[in-house]
Amino acid sequence: MGESPDFISDLPQSIIENILTRLSIRDAIRTSVLSSKWRYKWSTLTDLVFDEKCVSPANDRCVVETNLVRFITGVLLLHQGPIHKFQLSTSFLQCRPHIDQWLLFLSRNGIKELVLKLKEGEFRVPSCLFNCLKLTRLELCHCEFDPPQYFKGFSSLKSLNLHQILVAPEVIESLISGCPLLEFLSLSYFDSLVLSISAPNLMYLYLDGEFKDIFLENTPKLVAISVSMYMHEDVTDFEQSSDYNLVKFLGGVPLLEKLVGYIYFTKYLSIGDDPGRLPITYIHLQTIELYQLCFEDADEVLVLLRLVTHSPNLKELKVSSSPVQLFPLEEEGFDLFERDYFEYKLPSLETMKITDVSGIKNELEFLRFLLGTSPVLETVIVSSSLMEKEAKMDMVIELLRYPRVSPRAQLLFLQD
């Protein structure tokens, strides 16, 4: 009888490469035992992803750390050809000199994507990183970032993600402006930061931290913004000026398609002198999500109204009401909804969801405004923060009385 055909060894090179790219690096190395043709095929992989799963688990952290260092070092020593992506996610490594050596090796091998997700500690990014001028993606977590004076930026970088990084504010601004092709920017866990962003090709912006002020100086291509703003005690943590933050922050983003704001973002936008109608119409904006908005604060409600009425193609609106009012409010000297807002039409709005409704006047009036100005509205979802069933029922009855210009509009009330 003849020998059975060796299908594994006879697979085309393209198929072998496709299989290897779908495996973890540990499993890819194990394919070396399949046949002589597969031996060291893994060594030409261009994307290397490492974490604790690369080594056997152990109760002793030092053992895991030692094995992980040996594993990564061995892979790099046996690797052949360019390395386009290197990702390390670990909470074990304390041997920071080893990371320095790996980065030096990568800087000489055409690295394009670098992701370092380390545990909190004192890891300072080595100077060799700033020689990786082919980088298109950089993600750093829990590092100290201090570029040398000669560094002018990453000319090819398109994606930048910095999470809990120790870095001077001016360094962040210089880094952003030194990346002319930057399309994606994410900054999180920064404290008391005043930030100016100049990135002419930026499309996606994600900010999360205690930002005192933000200037979008040159970001005409932004299509998606998500901001979570925190502060310690009161609104004075934000920079105060007569300039209207809504215009200052969103006045130069004509292509915006999605806006998401958390915590104190709406409060931040409300600071400054309201100019009346905004100098911009967001013709591409289709989704607005504003969470923890204080409906007791007329200035915050005004921000919401400005955004909604200046977005003629808005399709989806999500709002959550702030359950606790943290700012001392002056008694309103006017009624927001006695202005000319009912002259506006929201011609494209299809879905509205508002949560944590307590039944105060501005919440109900805002819902009345939406129902009365949205001709294609299909669904309005409401959930209440009220505890008493009778109070909830009174609010539901009140909402059901409001006229609807859309014959398809349905009010859905969610139970806790």
# chains A, B, ... in the order shown; residues from 1 in each chain; ligands from 1

call {"tool": "residues_around", "arguments": {"residues": "Met229 of chain A", "least_positions_apart": "3", "cutoff": "8 Å", "atoms": "only C-alpha atoms", "output": "VMD selection string"}}
result
chain A and resid 207 to 211 262 to 265

call {"tool": "write_last_selection", "arguments": {"atoms": "N, CA and C atoms", "output": "mmCIF file, in the first residue's frame"}}
result
data_model
loop_
_atom_site.group_PDB
_atom_site.id
_atom_site.type_symbol
_atom_site.label_atom_id
_atom_site.label_comp_id
_atom_site.auth_asym_id
_atom_site.auth_seq_id
_atom_site.Cartn_x
_atom_site.Cartn_y
_atom_site.Cartn_z
ATOM 1 N N LEU A 207 -11.891 61.558 24.447
ATOM 2 C CA LEU A 207 -11.237 62.197 25.585
ATOM 3 C C LEU A 207 -11.923 61.743 26.871
ATOM 4 N N ASP A 208 -11.126 61.451 27.893
ATOM 5 C CA ASP A 208 -11.665 60.986 29.172
ATOM 6 C C ASP A 208 -10.725 61.448 30.272
ATOM 7 N N GLY A 209 -11.169 62.415 31.082
ATOM 8 C CA GLY A 209 -10.309 62.898 32.154
ATOM 9 C C GLY A 209 -10.770 64.218 32.720
ATOM 10 N N GLU A 210 -9.934 64.816 33.546
ATOM 11 C CA GLU A 210 -10.230 66.106 34.165
ATOM 12 C C GLU A 210 -9.647 67.227 33.292
ATOM 13 N N PHE A 211 -10.327 67.500 32.200
ATOM 14 C CA PHE A 211 -9.890 68.553 31.289
ATOM 15 C C PHE A 211 -10.466 69.886 31.753
ATOM 16 N N TYR A 262 -20.280 62.659 28.278
ATOM 17 C CA TYR A 262 -20.574 62.063 29.577
ATOM 18 C C TYR A 262 -20.237 63.039 30.710
ATOM 19 N N ILE A 263 -20.851 62.766 31.852
ATOM 20 C CA ILE A 263 -20.571 63.439 33.127
ATOM 21 C C ILE A 263 -20.782 64.943 32.994
ATOM 22 N N TYR A 264 -19.718 65.749 32.969
ATOM 23 C CA TYR A 264 -19.851 67.212 32.982
ATOM 24 C C TYR A 264 -19.639 67.847 31.610
ATOM 25 N N PHE A 265 -19.719 67.054 30.551
ATOM 26 C CA PHE A 265 -19.463 67.610 29.222
ATOM 27 C C PHE A 265 -20.469 68.693 28.850
#

call {"tool": "residues_around", "arguments": {"residues": "Thr355 of chain A", "least_positions_apart": "4", "cutoff": "9 Å", "atoms": "only C-alpha atoms", "output": "PyMOL selection string"}}
result
chain A and resi 291+318-321+381-385+414

call {"tool": "select_by_dssp", "arguments": {"residues": "segment 214-381 of chain A", "states": "strand (DSSP E)", "output": "ChimeraX atom specification"}}
result
/A:214-218,224-229,258-263,287-293,316-321,351-357,379-381

call {"tool": "residues_around", "arguments": {"residues": "Thr281 of chain A", "least_positions_apart": "4", "cutoff": "8 Å", "atoms": "only C-alpha atoms", "output": "MDAnalysis selection string"}}
result
chainID A and resid 254 310:312

call {"tool": "write_last_selection", "arguments": {"atoms": "N, CA, C and O atoms", "output": "compact mmCIF listing (two decimals), in the first residue's frame"}}
result
# COMPACT_ATOMS: atom_id res chain seq x y z
N PRO A 254 -17.49 70.89 10.91
CA PRO A 254 -18.68 70.85 10.03
C PRO A 254 -19.05 69.46 9.55
O PRO A 254 -20.18 69.24 9.11
N HIS A 310 -29.82 72.68 15.42
CA HIS A 310 -28.83 72.99 14.39
C HIS A 310 -28.32 71.73 13.70
O HIS A 310 -27.27 71.75 13.06
N SER A 311 -29.07 70.63 13.85
CA SER A 311 -28.70 69.35 13.23
C SER A 311 -29.89 68.83 12.43
O SER A 311 -30.64 67.97 12.89
N PRO A 312 -30.09 69.33 11.22
CA PRO A 312 -31.30 69.01 10.45
C PRO A 312 -31.42 67.55 10.04
O PRO A 312 -32.51 67.09 9.72

call {"tool": "select_by_dssp", "arguments": {"residues": "segment 21-217 of chain A", "states": "helix (DSSP H, G or I)", "output": "PyMOL selection string"}}
result
chain A and resi 21+25-33+41-44+52-54+61-78+96-107+127-131+169-177

call {"tool": "closest_residue", "arguments": {"among": "A:Phe366, A:Tyr268, A:Phe123, A:Trp42", "to": "Arg96 of chain A", "atoms": "only C-alpha atoms"}}
result
A:Phe123

call {"tool": "residues_around", "arguments": {"residues": "Leu314 of chain A", "least_positions_apart": "4", "cutoff": "10 Å", "atoms": "only C-alpha atoms", "output": "mmCIF file with N, CA, C and O atoms, in the first residue's frame"}}
result
data_model
loop_
_atom_site.group_PDB
_atom_site.id
_atom_site.type_symbol
_atom_site.label_atom_id
_atom_site.label_comp_id
_atom_site.auth_asym_id
_atom_site.auth_seq_id
_atom_site.Cartn_x
_atom_site.Cartn_y
_atom_site.Cartn_z
ATOM 1 N N GLU A 257 -20.498 63.658 12.580
ATOM 2 C CA GLU A 257 -21.588 62.704 12.379
ATOM 3 C C GLU A 257 -22.129 62.147 13.695
ATOM 4 O O GLU A 257 -23.312 61.821 13.790
ATOM 5 N N LYS A 258 -21.257 62.048 14.709
ATOM 6 C CA LYS A 258 -21.692 61.481 15.991
ATOM 7 C C LYS A 258 -21.028 62.239 17.140
ATOM 8 O O LYS A 258 -19.818 62.461 17.137
ATOM 9 N N TYR A 282 -24.871 71.610 11.609
ATOM 10 C CA TYR A 282 -24.255 70.287 11.542
ATOM 11 C C TYR A 282 -25.084 69.406 10.600
ATOM 12 O O TYR A 282 -25.885 68.578 11.034
ATOM 13 N N ILE A 283 -24.852 69.558 9.321
ATOM 14 C CA ILE A 283 -25.682 68.871 8.335
ATOM 15 C C ILE A 283 -25.392 67.369 8.276
ATOM 16 O O ILE A 283 -26.199 66.605 7.744
ATOM 17 N N HIS A 284 -24.251 66.938 8.822
ATOM 18 C CA HIS A 284 -23.902 65.515 8.785
ATOM 19 C C HIS A 284 -24.182 64.822 10.113
ATOM 20 O O HIS A 284 -24.093 63.587 10.186
ATOM 21 N N LEU A 285 -24.527 65.567 11.132
ATOM 22 C CA LEU A 285 -24.699 64.994 12.465
ATOM 23 C C LEU A 285 -25.977 64.153 12.533
ATOM 24 O O LEU A 285 -27.083 64.668 12.353
ATOM 25 N N GLN A 286 -25.829 62.856 12.807
ATOM 26 C CA GLN A 286 -26.962 61.936 12.840
ATOM 27 C C GLN A 286 -27.239 61.363 14.228
ATOM 28 O O GLN A 286 -28.346 60.901 14.493
ATOM 29 N N THR A 287 -26.233 61.390 15.116
ATOM 30 C CA THR A 287 -26.402 60.805 16.443
ATOM 31 C C THR A 287 -25.848 61.743 17.507
ATOM 32 O O THR A 287 -24.699 62.186 17.409
ATOM 33 N N ILE A 288 -26.673 62.044 18.508
ATOM 34 C CA ILE A 288 -26.244 62.809 19.673
ATOM 35 C C ILE A 288 -26.571 62.001 20.919
ATOM 36 O O ILE A 288 -27.712 61.540 21.087
ATOM 37 N N LEU A 307 -27.935 72.236 19.952
ATOM 38 C CA LEU A 307 -27.409 71.137 19.148
ATOM 39 C C LEU A 307 -28.506 70.474 18.317
ATOM 40 O O LEU A 307 -28.327 70.213 17.124
ATOM 41 N N VAL A 308 -29.634 70.221 18.939
ATOM 42 C CA VAL A 308 -30.726 69.534 18.246
ATOM 43 C C VAL A 308 -31.275 70.375 17.100
ATOM 44 O O VAL A 308 -31.514 69.873 15.993
ATOM 45 N N THR A 309 -31.468 71.656 17.335
ATOM 46 C CA THR A 309 -32.081 72.514 16.320
ATOM 47 C C THR A 309 -31.113 72.942 15.227
ATOM 48 O O THR A 309 -31.537 73.512 14.227
ATOM 49 N N HIS A 310 -29.820 72.678 15.422
ATOM 50 C CA HIS A 310 -28.832 72.994 14.385
ATOM 51 C C HIS A 310 -28.318 71.727 13.702
ATOM 52 O O HIS A 310 -27.273 71.748 13.057
ATOM 53 N N LEU A 346 -37.586 69.116 13.284
ATOM 54 C CA LEU A 346 -36.534 68.106 13.307
ATOM 55 C C LEU A 346 -36.917 67.057 12.278
ATOM 56 O O LEU A 346 -37.491 66.020 12.604
ATOM 57 N N PRO A 347 -36.627 67.319 10.999
ATOM 58 C CA PRO A 347 -37.211 66.538 9.899
ATOM 59 C C PRO A 347 -36.749 65.097 9.812
ATOM 60 O O PRO A 347 -37.394 64.291 9.147
ATOM 61 N N SER A 348 -35.621 64.754 10.469
ATOM 62 C CA SER A 348 -35.063 63.406 10.291
ATOM 63 C C SER A 348 -35.053 62.572 11.563
ATOM 64 O O SER A 348 -34.708 61.389 11.509
ATOM 65 N N LEU A 349 -35.419 63.150 12.703
ATOM 66 C CA LEU A 349 -35.327 62.433 13.968
ATOM 67 C C LEU A 349 -36.276 61.237 13.987
ATOM 68 O O LEU A 349 -37.482 61.387 13.798
ATOM 69 N N GLU A 350 -35.710 60.039 14.222
ATOM 70 C CA GLU A 350 -36.491 58.810 14.224
ATOM 71 C C GLU A 350 -36.605 58.193 15.612
ATOM 72 O O GLU A 350 -37.635 57.608 15.942
ATOM 73 N N THR A 351 -35.536 58.303 16.400
ATOM 74 C CA THR A 351 -35.497 57.629 17.702
ATOM 75 C C THR A 351 -35.002 58.569 18.779
ATOM 76 O O THR A 351 -34.020 59.281 18.593
#

call {"tool": "atom_distance", "arguments": {"atom1": "atom CA of Phe145 of chain A", "atom2": "atom CA of Leu202 of chain A"}}
result
21.6 Å
